[in-house]
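Below is data_12.csv, which holds CSV, C-alpha atoms and all ligand atoms.
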chain,number,residue,atom,x,y,z
A,1,MET,CA,-11.4,21.5,48.9
A,2,ILE,CA,-9.0,23.1,51.4
A,3,SER,CA,-8.9,26.4,49.5
A,4,ALA,CA,-11.4,29.1,49.7
A,5,ARG,CA,-12.4,31.7,47.1
A,6,VAL,CA,-14.4,34.8,47.7
A,7,ALA,CA,-17.3,35.5,45.5
A,8,THR,CA,-17.1,39.3,45.2
A,9,HIS,CA,-16.7,41.3,42.1
A,10,GLY,CA,-16.0,44.8,40.9
A,11,PRO,CA,-13.9,47.6,42.3
A,12,ARG,CA,-14.8,46.9,45.8
A,13,ALA,CA,-13.5,43.3,45.5
A,14,LEU,CA,-10.4,44.7,43.8
A,15,ARG,CA,-9.9,47.1,46.7
A,16,GLN,CA,-10.4,44.3,49.2
A,17,ALA,CA,-8.1,42.1,47.3
A,18,SER,CA,-5.4,44.8,47.2
A,19,THR,CA,-5.7,45.3,50.9
A,20,GLN,CA,-5.4,41.6,51.6
A,21,VAL,CA,-2.3,41.2,49.5
A,22,LEU,CA,-0.7,44.2,51.1
A,23,LYS,CA,-1.5,42.8,54.5
A,24,ALA,CA,-0.1,39.4,53.5
A,25,LEU,CA,3.0,40.9,52.1
A,26,ASN,CA,3.4,43.1,55.1
A,27,GLY,CA,3.7,40.0,57.1
A,28,LEU,CA,6.0,38.5,54.6
A,29,SER,CA,8.4,41.3,54.7
A,30,SER,CA,8.6,41.2,58.4
A,31,SER,CA,10.3,37.8,58.1
A,32,GLY,CA,12.5,39.1,55.3
A,33,ALA,CA,14.6,41.1,57.7
A,34,GLY,CA,18.3,41.5,57.1
A,35,PRO,CA,20.7,38.6,57.6
A,36,ARG,CA,22.2,40.4,60.5
A,37,SER,CA,19.7,40.5,63.3
A,38,THR,CA,17.0,42.7,62.0
A,39,PHE,CA,14.2,40.4,62.9
A,40,VAL,CA,11.0,42.0,64.1
A,41,SER,CA,10.6,41.3,67.7
A,42,VAL,CA,6.8,40.9,67.3
A,43,HIS,CA,5.3,37.7,68.6
A,44,LEU,CA,3.3,35.9,66.0
A,45,VAL,CA,-0.2,34.9,66.6
A,46,GLN,CA,-2.9,32.9,64.9
A,47,LEU,CA,-5.7,35.2,63.6
A,48,ASN,CA,-9.1,34.0,64.7
A,49,SER,CA,-10.7,34.2,61.4
A,50,THR,CA,-9.5,32.5,58.2
A,51,PRO,CA,-9.1,35.2,55.5
A,52,ARG,CA,-11.2,34.5,52.4
A,53,HIS,CA,-9.6,36.2,49.5
A,54,GLN,CA,-8.4,35.9,46.0
A,55,PHE,CA,-4.7,35.4,46.5
A,56,SER,CA,-3.9,32.2,48.2
A,57,THR,CA,-5.3,30.1,50.9
A,58,SER,CA,-3.7,27.6,53.2
A,59,PRO,CA,-5.0,24.3,54.4
A,60,LYS,CA,-7.7,24.4,57.1
A,61,SER,CA,-7.0,20.9,58.3
A,62,SER,CA,-4.4,18.2,58.1
A,63,ARG,CA,-6.1,16.9,55.0
A,64,ILE,CA,-4.3,17.6,51.7
A,65,ASP,CA,-6.5,18.3,48.8
A,66,GLU,CA,-5.1,18.2,45.3
A,67,PHE,CA,-4.9,21.6,43.6
A,68,PHE,CA,-3.3,19.9,40.5
A,69,VAL,CA,-3.6,16.2,40.2
A,70,GLU,CA,-1.1,13.9,38.6
A,71,LYS,CA,-2.3,13.0,35.2
A,72,GLU,CA,-3.0,9.3,34.5
A,73,THR,CA,-2.6,7.9,31.1
A,74,GLN,CA,-3.4,4.6,29.5
A,75,ARG,CA,0.2,3.4,29.5
A,76,VAL,CA,2.4,5.5,31.8
A,77,ARG,CA,2.5,4.5,35.4
A,78,LYS,CA,4.6,7.2,37.0
A,79,THR,CA,6.8,10.1,35.9
A,80,PRO,CA,9.6,10.4,38.5
A,81,PRO,CA,11.7,13.6,39.0
A,82,ALA,CA,14.4,14.1,36.5
A,83,TRP,CA,17.0,15.0,39.1
A,84,PRO,CA,16.9,12.6,42.1
A,85,HIS,CA,17.3,14.6,45.3
A,86,PRO,CA,20.3,13.7,47.6
A,87,VAL,CA,19.3,12.1,50.9
A,88,TYR,CA,19.6,14.5,53.9
A,89,SER,CA,20.0,13.2,57.4
A,90,TYR,CA,17.7,14.6,60.0
A,91,ASP,CA,20.6,15.8,62.2
A,92,ASP,CA,22.2,17.6,59.2
A,93,MET,CA,18.9,19.4,58.4
A,94,GLU,CA,18.5,20.5,62.1
A,95,SER,CA,22.1,21.9,62.0
A,96,VAL,CA,21.4,24.4,59.2
A,97,VAL,CA,22.0,27.9,60.5
A,98,VAL,CA,21.2,31.5,59.5
A,99,ALA,CA,24.4,33.0,58.2
A,100,HIS,CA,25.8,36.0,56.4
A,101,ARG,CA,28.8,36.3,54.1
A,102,GLU,CA,30.6,39.6,54.6
A,103,ALA,CA,30.6,41.7,51.4
A,104,LYS,CA,34.3,42.1,50.7
A,105,THR,CA,34.7,43.3,47.1
A,106,ARG,CA,32.9,46.0,45.2
A,107,SER,CA,30.9,43.4,43.3
A,108,ASP,CA,29.9,41.7,46.6
A,109,LYS,CA,28.8,45.1,48.0
A,110,PHE,CA,26.8,45.8,44.8
A,111,ALA,CA,25.0,42.4,45.1
A,112,LEU,CA,24.2,42.9,48.8
A,113,LEU,CA,22.9,46.4,48.0
A,114,ALA,CA,20.7,45.0,45.2
A,115,VAL,CA,19.2,42.5,47.7
A,116,LYS,CA,18.6,45.3,50.2
A,117,VAL,CA,17.0,47.5,47.6
A,118,LEU,CA,14.7,44.7,46.5
A,119,ARG,CA,13.7,44.2,50.1
A,120,TRP,CA,13.2,47.9,50.6
A,121,GLY,CA,11.1,48.0,47.5
A,122,LEU,CA,8.9,45.2,48.7
A,123,ASP,CA,8.6,46.9,52.1
A,124,PHE,CA,7.8,50.2,50.5
A,125,ALA,CA,5.2,48.7,48.1
A,126,THR,CA,3.5,46.9,50.9
A,127,GLY,CA,3.6,49.8,53.3
A,128,TYR,CA,5.6,47.7,55.8
A,129,LYS,CA,7.9,49.6,58.1
A,130,HIS,CA,10.3,47.5,60.1
A,131,GLU,CA,11.1,50.3,62.6
A,132,LYS,CA,7.4,51.0,63.1
A,133,ALA,CA,6.7,47.4,63.8
A,134,VAL,CA,9.4,47.2,66.4
A,135,ALA,CA,8.3,50.6,68.0
A,136,LEU,CA,4.6,49.5,68.1
A,137,ASN,CA,5.6,46.2,69.7
A,138,GLU,CA,7.4,48.1,72.5
A,139,LYS,CA,4.3,50.3,73.1
A,140,ASP,CA,1.5,47.9,72.5
A,141,PRO,CA,2.4,44.2,71.8
A,142,GLU,CA,-1.2,43.2,71.2
A,143,ALA,CA,-1.7,45.8,68.5
A,144,ALA,CA,1.7,44.8,67.0
A,145,LYS,CA,0.6,41.2,66.9
A,146,LYS,CA,-2.6,42.1,65.1
A,147,LYS,CA,-0.8,44.3,62.6
A,148,TYR,CA,2.3,42.3,61.9
A,149,ALA,CA,1.6,38.7,63.0
A,150,MET,CA,2.3,36.0,60.5
A,151,THR,CA,-0.2,33.2,60.0
A,152,GLU,CA,-0.2,30.0,58.0
A,153,GLU,CA,-2.0,31.8,55.2
A,154,LYS,CA,0.5,34.7,55.0
A,155,TYR,CA,3.4,32.4,55.1
A,156,MET,CA,1.9,30.3,52.4
A,157,ILE,CA,1.5,33.3,50.1
A,158,ARG,CA,5.0,34.3,50.8
A,159,ASN,CA,6.3,30.8,50.0
A,160,VAL,CA,4.4,30.6,46.7
A,161,PHE,CA,5.5,34.0,45.6
A,162,LEU,CA,9.1,33.6,46.6
A,163,GLU,CA,9.5,30.1,45.2
A,164,SER,CA,8.0,31.2,41.9
A,165,VAL,CA,10.7,33.8,41.4
A,166,ALA,CA,13.4,31.6,43.0
A,167,GLY,CA,13.3,29.2,40.2
A,168,VAL,CA,14.4,31.8,37.6
A,169,PRO,CA,18.1,32.6,38.3
A,170,GLY,CA,19.4,29.0,37.9
A,171,MET,CA,17.5,28.5,34.7
A,172,VAL,CA,18.7,31.8,33.2
A,173,ALA,CA,22.3,31.2,34.2
A,174,GLY,CA,22.2,27.6,33.0
A,175,MET,CA,20.8,28.7,29.7
A,176,LEU,CA,23.3,31.4,29.2
A,177,ARG,CA,26.2,29.1,30.0
A,178,HIS,CA,24.8,26.5,27.7
A,179,LEU,CA,24.7,29.0,24.9
A,180,HIS,CA,28.1,30.3,25.8
A,181,SER,CA,29.6,26.9,25.7
A,182,MET,CA,28.2,26.2,22.2
A,183,ARG,CA,29.0,29.6,20.9
A,184,ARG,CA,32.6,29.5,22.1
A,185,MET,CA,32.9,25.8,21.3
A,186,LYS,CA,34.3,25.2,24.8
A,187,ARG,CA,33.4,23.0,27.7
A,188,ASP,CA,31.3,24.4,30.5
A,189,ASN,CA,33.0,22.3,33.2
A,190,GLY,CA,29.8,21.1,34.9
A,191,TRP,CA,28.2,24.4,35.9
A,192,ILE,CA,25.1,24.1,33.8
A,193,GLU,CA,24.0,20.9,35.5
A,194,SER,CA,24.0,22.4,39.0
A,195,LEU,CA,22.3,25.6,37.9
A,196,LEU,CA,19.5,23.8,36.1
A,197,GLU,CA,19.2,21.4,39.1
A,198,GLU,CA,18.9,24.4,41.4
A,199,SER,CA,16.0,25.9,39.4
A,200,TYR,CA,14.4,22.5,39.2
A,201,ASN,CA,14.7,22.1,43.0
A,202,GLU,CA,13.0,25.6,43.5
A,203,ARG,CA,10.2,24.6,41.2
A,204,MET,CA,9.7,21.5,43.3
A,205,HIS,CA,9.4,23.7,46.3
A,206,LEU,CA,6.7,25.7,44.4
A,207,LEU,CA,4.8,22.6,43.3
A,208,THR,CA,4.9,21.3,46.9
A,209,PHE,CA,3.4,24.5,48.2
A,210,LEU,CA,0.8,24.6,45.4
A,211,LYS,CA,-0.3,21.1,46.5
A,212,MET,CA,-1.2,22.8,49.8
A,213,SER,CA,-2.8,26.0,48.7
A,214,GLU,CA,-4.6,27.4,45.7
A,215,PRO,CA,-3.3,30.7,44.5
A,216,GLY,CA,-5.9,33.3,43.6
A,217,TRP,CA,-5.9,35.5,40.5
A,218,PHE,CA,-4.1,38.4,42.2
A,219,LEU,CA,-1.2,36.3,43.3
A,220,ARG,CA,-1.0,34.7,39.9
A,221,PHE,CA,-0.9,38.2,38.3
A,222,LEU,CA,1.9,39.2,40.8
A,223,VAL,CA,3.9,36.1,39.9
A,224,LEU,CA,3.5,36.8,36.2
A,225,GLY,CA,4.6,40.4,36.5
A,226,ALA,CA,7.5,39.6,38.7
A,227,GLN,CA,8.6,36.8,36.4
A,228,GLY,CA,8.5,39.0,33.3
A,229,VAL,CA,10.7,41.6,34.9
A,230,TRP,CA,12.9,39.3,36.9
A,231,CYS,CA,13.8,36.9,34.1
A,232,ASN,CA,14.9,39.7,31.8
A,233,ALA,CA,16.8,41.6,34.5
A,234,LEU,CA,18.7,38.4,35.4
A,235,PHE,CA,19.4,37.7,31.7
A,236,PHE,CA,21.2,41.0,31.2
A,237,ALA,CA,22.8,41.0,34.6
A,238,TYR,CA,24.3,37.5,34.0
A,239,LEU,CA,25.7,38.6,30.7
A,240,LEU,CA,27.3,41.6,32.3
A,241,SER,CA,28.7,40.0,35.5
A,242,PRO,CA,27.9,36.3,36.3
A,243,ARG,CA,30.0,36.6,39.5
A,244,THR,CA,27.9,39.4,40.8
A,245,VAL,CA,24.7,37.5,40.0
A,246,HIS,CA,25.9,34.4,41.9
A,247,ARG,CA,26.8,36.5,44.9
A,248,PHE,CA,23.4,38.2,44.7
A,249,VAL,CA,21.6,34.9,44.6
A,250,GLY,CA,23.8,33.8,47.6
A,251,TYR,CA,22.5,36.8,49.5
A,252,LEU,CA,18.9,36.1,48.4
A,253,GLU,CA,19.2,32.6,49.7
A,254,GLU,CA,20.5,33.9,53.0
A,255,GLU,CA,17.1,35.5,53.2
A,256,ALA,CA,15.3,32.3,52.3
A,257,VAL,CA,17.1,30.4,55.1
A,258,ILE,CA,15.9,33.2,57.5
A,259,THR,CA,12.3,32.9,56.2
A,260,TYR,CA,12.1,29.1,56.7
A,261,THR,CA,13.9,29.2,60.0
A,262,ARG,CA,11.2,31.6,61.2
A,263,GLN,CA,8.5,29.3,60.0
A,264,ILE,CA,10.0,26.4,61.9
A,265,LYS,CA,10.4,28.5,65.0
A,266,ASP,CA,6.8,29.7,64.9
A,267,LEU,CA,5.6,26.2,64.3
A,268,ASP,CA,7.6,24.9,67.3
A,269,ALA,CA,6.2,27.8,69.4
A,270,GLY,CA,2.6,26.8,68.6
A,271,ARG,CA,1.9,30.0,66.6
A,272,LEU,CA,0.9,28.0,63.5
A,273,PRO,CA,-1.6,25.5,64.9
A,274,LYS,CA,-3.1,24.7,61.5
A,275,TRP,CA,0.3,23.3,60.4
A,276,GLU,CA,0.9,21.2,63.4
A,277,LYS,CA,-0.9,18.1,62.1
A,278,LEU,CA,-0.4,18.9,58.5
A,279,GLN,CA,1.3,16.1,56.5
A,280,ALA,CA,3.6,16.7,53.5
A,281,PRO,CA,2.0,16.0,50.1
A,282,GLN,CA,2.9,12.9,48.2
A,283,ILE,CA,5.0,14.9,45.6
A,284,ALA,CA,7.2,16.0,48.5
A,285,ILE,CA,7.5,12.6,50.1
A,286,ASP,CA,8.6,11.1,46.7
A,287,TYR,CA,11.0,13.9,45.8
A,288,TRP,CA,12.8,14.2,49.2
A,289,LYS,CA,12.4,10.5,49.9
A,290,MET,CA,10.9,11.5,53.3
A,291,PRO,CA,11.0,8.5,55.6
A,292,GLU,CA,8.0,7.2,57.4
A,293,GLY,CA,7.3,9.1,60.6
A,294,HIS,CA,9.1,12.2,59.2
A,295,ARG,CA,6.5,13.5,56.8
A,296,SER,CA,5.0,16.4,58.7
A,297,MET,CA,4.9,20.1,57.7
A,298,ARG,CA,7.8,20.7,60.0
A,299,ASP,CA,9.8,18.0,58.3
A,300,LEU,CA,8.9,19.5,55.0
A,301,LEU,CA,10.1,22.9,56.1
A,302,LEU,CA,13.4,21.4,57.3
A,303,TYR,CA,14.0,19.8,53.9
A,304,ILE,CA,13.2,23.0,52.0
A,305,ARG,CA,15.3,25.1,54.4
A,306,ALA,CA,18.2,22.7,53.9
A,307,ASP,CA,17.8,23.1,50.1
A,308,GLU,CA,17.9,26.9,50.5
A,309,SER,CA,21.1,26.6,52.6
A,310,LYS,CA,22.6,24.5,49.8
A,311,HIS,CA,21.7,27.2,47.2
A,312,ARG,CA,23.2,29.8,49.5
A,313,GLU,CA,26.4,27.8,49.7
A,314,VAL,CA,26.6,26.9,46.0
A,315,ASN,CA,26.0,30.5,44.8
A,316,HIS,CA,28.5,32.0,47.2
A,317,THR,CA,31.0,29.4,46.1
A,318,LEU,CA,30.4,29.9,42.4
A,319,GLY,CA,30.7,33.6,43.1
A,320,ASN,CA,34.3,32.9,44.4
A,321,LEU,CA,35.4,31.1,41.3
A,322,ASN,CA,36.9,32.0,37.9
A,323,GLN,CA,33.7,32.1,35.9
A,324,ILE,CA,35.2,30.8,32.7
A,325,GLU,CA,38.0,28.4,33.6
A,326,ASP,CA,37.1,26.7,36.9
A,327,PRO,CA,35.2,23.4,37.1
A,328,ASN,CA,32.0,23.2,39.1
A,329,PRO,CA,33.2,21.9,42.5
A,330,TYR,CA,29.8,20.4,43.2
A,331,VAL,CA,30.1,17.8,40.5
A,332,SER,CA,33.8,17.3,40.6
A,333,GLU,CA,35.8,14.3,41.9
A,334,TYR,CA,38.6,15.2,44.2
A,335,LYS,CA,42.1,13.8,44.4
A,336,ASP,CA,41.7,13.5,48.2
A,337,GLU,CA,38.1,12.4,48.6
A,338,GLY,CA,38.7,12.0,52.4
A,339,LYS,CA,39.2,15.8,52.8
A,340,PRO,CA,36.0,17.9,53.2
A,341,HIS,CA,34.9,19.3,49.8
A,342,PRO,CA,31.8,20.7,48.2
A,343,CYS,CA,29.1,18.1,47.7
A,344,LYS,CA,25.4,17.9,46.9
A,345,ASP,CA,24.2,16.7,50.3
A,346,LEU,CA,24.7,18.3,53.7
A,347,ARG,CA,27.9,16.4,54.8
A,348,TYR,CA,30.2,19.4,54.7
A,349,GLN,CA,28.2,22.6,55.2
A,350,LYS,CA,29.8,26.0,54.4
A,351,PRO,CA,27.1,28.6,54.7
A,352,THR,CA,29.2,31.4,53.4
A,353,GLY,CA,30.6,29.4,50.5
A,354,TRP,CA,34.0,27.6,49.8
A,355,GLU,CA,37.0,29.8,49.0
A,356,ARG,CA,38.6,29.1,45.7
A,357,ASN,CA,42.0,28.3,47.1
A,358,ASP,CA,40.6,25.6,49.3
A,359,ILE,CA,38.9,23.6,46.5
A,360,ILE,CA,40.3,24.3,43.0
A,401,FE,FE,13.1,27.5,47.4
A,402,FE,FE,16.5,28.9,47.1

Could you rewrite the structure in this file as structure tokens?
Ligand SMILES: [Fe+2]
Ligand SMILES: [Fe+2]
Amino acid sequence: MISARVATHGPRALRQASTQVLKALNGLSSSGAGPRSTFVSVHLVQLNSTPRHQFSTSPKSSRIDEFFVEKETQRVRKTPPAWPHPVYSYDDMESVVVAHREAKTRSDKFALLAVKVLRWGLDFATGYKHEKAVALNEKDPEAAKKKYAMTEEKYMIRNVFLESVAGVPGMVAGMLRHLHSMRRMKRDNGWIESLLEESYNERMHLLTFLKMSEPGWFLRFLVLGAQGVWCNALFFAYLLSPRTVHRFVGYLEEEAVITYTRQIKDLDAGRLPKWEKLQAPQIAIDYWKMPEGHRSMRDLLLYIRADESKHREVNHTLGNLNQIEDPNPYVSEYKDEGKPHPCKDLRYQKPTGWERNDII
């Protein structure tokens, strides 16, 4: 079993657990810096010891051990994914970039502010101070490495936590549009499909990471609490202003692209040695149709980052449209198919979203 669990109990264990998650999240928040160049300039290192705690653990070797195994039944051979994933070319995935859409309207500014507040809240809750990290790095890089360095374990905790909340907005928005369509007895014009597909895709990210690490009870508790609040908040927010929620998700996805870009960079720089020989789990190979020879952890991160860039684009685009009348440009057929237009794969990438006048 690749995962480790600590066998401590009582208040001391709880205290240790809290310290561990704070440490982990400190690291996480260092990569969640703003879309516009607020990266921590701390070099990341591998910690010598593998933390043993109750939150989550990462693989210790290139071996994948199953945290949840596919159920076998007497008659069913396989249950393939409901939404087949579009095929991404390797060059297209490598060309995904960190980007930021300027907040132009009041609704945009509110959405961006909400993302910033959430990040500030996470930083505050975990005691992470970006400025302090940068200042410490200038004075004592070694101490900064020890305090703020990201490891495979910390990244994995971040990925599991973030993916577990990332799957909520699309499902809430899709459900509300579904109900709206029935209530008003009007067509939805294709939005529901993309929104549900997005949340499905996020859940596949989560399942993939769960194949590689076993979450402990504290992380599970965190996810449960976050989901309870998050789901309800999004429900009411989408009823009030769907446009603002799409913009908000667009900004969140900008952060997701930053996070995975950092992981790829750290992997390339040799700062995540445990991931170097790690292979993607079968669930990922099947879902993304990963070709032979391109099934490493790095490849997996490229696929997931490309998905996040697509969510970023889709939500910024949906935020530009008339929420009631406009068709979903991602499932529409165009009169001039030869002209670049929104699509499900990475052919035409528009990190800041398509403007309404160009596509409707
Ligand atoms: Fe994701
Ligand atoms: Fe996402």

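Across A:Asp286, A:Glu308, A:Glu214, A:Glu255, the tightest approach to Pro80 of chain A is made by A:Asp286 when counting all atoms listed in the file.
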
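If all atoms listed in the file are the atoms counted, then among A:Gln263, A:Ser164, A:Asn189, A:Thr151 the closest residue to ligand FE 401 (chain A) is A:Ser164.
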
Report as CSV: every residue of chain A with an atom at most 10 Å from ligand FE 401 (chain A), its closest pair of atoms, and their distance in Å to one decimal, counting all atoms listed in the file, with rows sorted by chain and ascending residue number.
residue,atom,partner,partner_atom,distance
A:Asn159,CA,A:FE401,FE,8.0
A:Val160,CA,A:FE401,FE,9.3
A:Leu162,CA,A:FE401,FE,7.3
A:Glu163,CA,A:FE401,FE,5.0
A:Ser164,CA,A:FE401,FE,8.4
A:Val165,CA,A:FE401,FE,9.0
A:Ala166,CA,A:FE401,FE,6.0
A:Gly167,CA,A:FE401,FE,7.4
A:Glu198,CA,A:FE401,FE,8.9
A:Ser199,CA,A:FE401,FE,8.7
A:Tyr200,CA,A:FE401,FE,9.7
A:Asn201,CA,A:FE401,FE,7.1
A:Glu202,CA,A:FE401,FE,4.3
A:Arg203,CA,A:FE401,FE,7.4
A:Met204,CA,A:FE401,FE,8.0
A:His205,CA,A:FE401,FE,5.4
A:Leu206,CA,A:FE401,FE,7.3
A:Glu253,CA,A:FE401,FE,8.3
A:Ala256,CA,A:FE401,FE,7.2
A:Val257,CA,A:FE401,FE,9.1
A:Tyr260,CA,A:FE401,FE,9.5
A:Ile304,CA,A:FE401,FE,6.4
A:Arg305,CA,A:FE401,FE,7.7
A:Ala306,CA,A:FE401,FE,9.6
A:Asp307,CA,A:FE401,FE,7.0
A:Glu308,CA,A:FE401,FE,5.7
A:Ser309,CA,A:FE401,FE,9.6
A:His311,CA,A:FE401,FE,8.6

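Across the structure, atom CA of Lys274 of chain A and atom CA of Ser89 of chain A are spaced 26.1 Å apart.
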
* **Counting all atoms listed in the file, the option among A:Pro273, A:Pro342, A:Gly250, A:Gly190 closest to ligand FE 402 (chain A)** => A:Gly250

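Closest approach to ligand FE 402 (chain A) among A:Val331, A:Ala144, A:Leu195, A:Ala284: A:Leu195, based on all atoms listed in the file.
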
* Counting only C-alpha atoms, the option among A:Lys132, A:Lys154, A:Glu292, A:Ile324 closest to Ser213 of chain A -> A:Lys154

* To do: Figure out the distance between atom CA of Ser194 of chain A and atom CA of Tyr90 of chain A, please, to one decimal in Å.
  => 23.3 Å

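Here atom CA of Trp288 of chain A stands at a distance of 26.3 Å from atom CA of Gln227 of chain A.
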
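Here the question is which of A:Pro169, A:Gly293, A:Pro242, A:Gly174 gets nearest to ligand FE 402 (chain A) using all atoms listed in the file, and that residue is A:Pro169.
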
* What would the list of residues within 9 Å of (24.3, 25.9, 30.5) (file frame) look like as JSON, numbers by chain, if only C-alpha atoms are what count? -> {"A": [171, 172, 173, 174, 175, 176, 177, 178, 179, 180, 181, 188, 190, 191, 192, 193, 195, 196]}

* To do: Tell me which protein, DNA and RNA residues are within 8 Å of Val249 of chain A, counting only C-alpha atoms, leaving out same-chain ones fewer than 2 positions away, and put them as a PyMOL selection string.
  => chain A and resi 169+245-247+251-253+312+315-316
